[in-house]
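One structure is given below, encoded as structure tokens.
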Amino acid sequence: MTHPSDIGSTPLVWFTSSYSNGSGGECVECARTGAGMLVRDSKRDGGAAVAVSAEAWSVFVGWAHARQRSTAS
């Protein structure tokens, strides 16, 4: 894990999933970095984040997208 303040001087832009309802449920926020993505608990915006490489993020998003299509049928 890494603390977002350790990433550098470029401000991070955090976003939540389009499936997040904003009511404070179980959700994560993500921010793009030069090396990939950071993922953190949306209820702990000052806390640590998990750093994910661009390659691993791409594989995860592809898997999630395929899973969503397969369960929608």
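The chains in the structure tokens are called A, B, ... from first to last as shown; in each chain the residues are counted from 1, and the ligands are counted from 1 in the order shown.
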Test item: residues at most 8 Å from segment 32-35 of chain A, only C-alpha atoms, excluding those fewer than 5 positions along its chain, as JSON, numbers by chain | {"A": [12, 13, 14, 53, 54]}
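Rounded to one decimal, atom CA of Arg40 of chain A and atom CA of Trp63 of chain A lie 19.9 Å from each other.
For the pair atom CA of Glu55 of chain A and atom CA of Leu38 of chain A, the separation is 13.0 Å.
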If you measure from atom CA of Lys43 of chain A to atom CA of Glu29 of chain A, what distance in Å do you get, rounded to one decimal?
->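 Interatomic distance, atom CA of Lys43 of chain A to atom CA of Glu29 of chain A: 9.2 Å.
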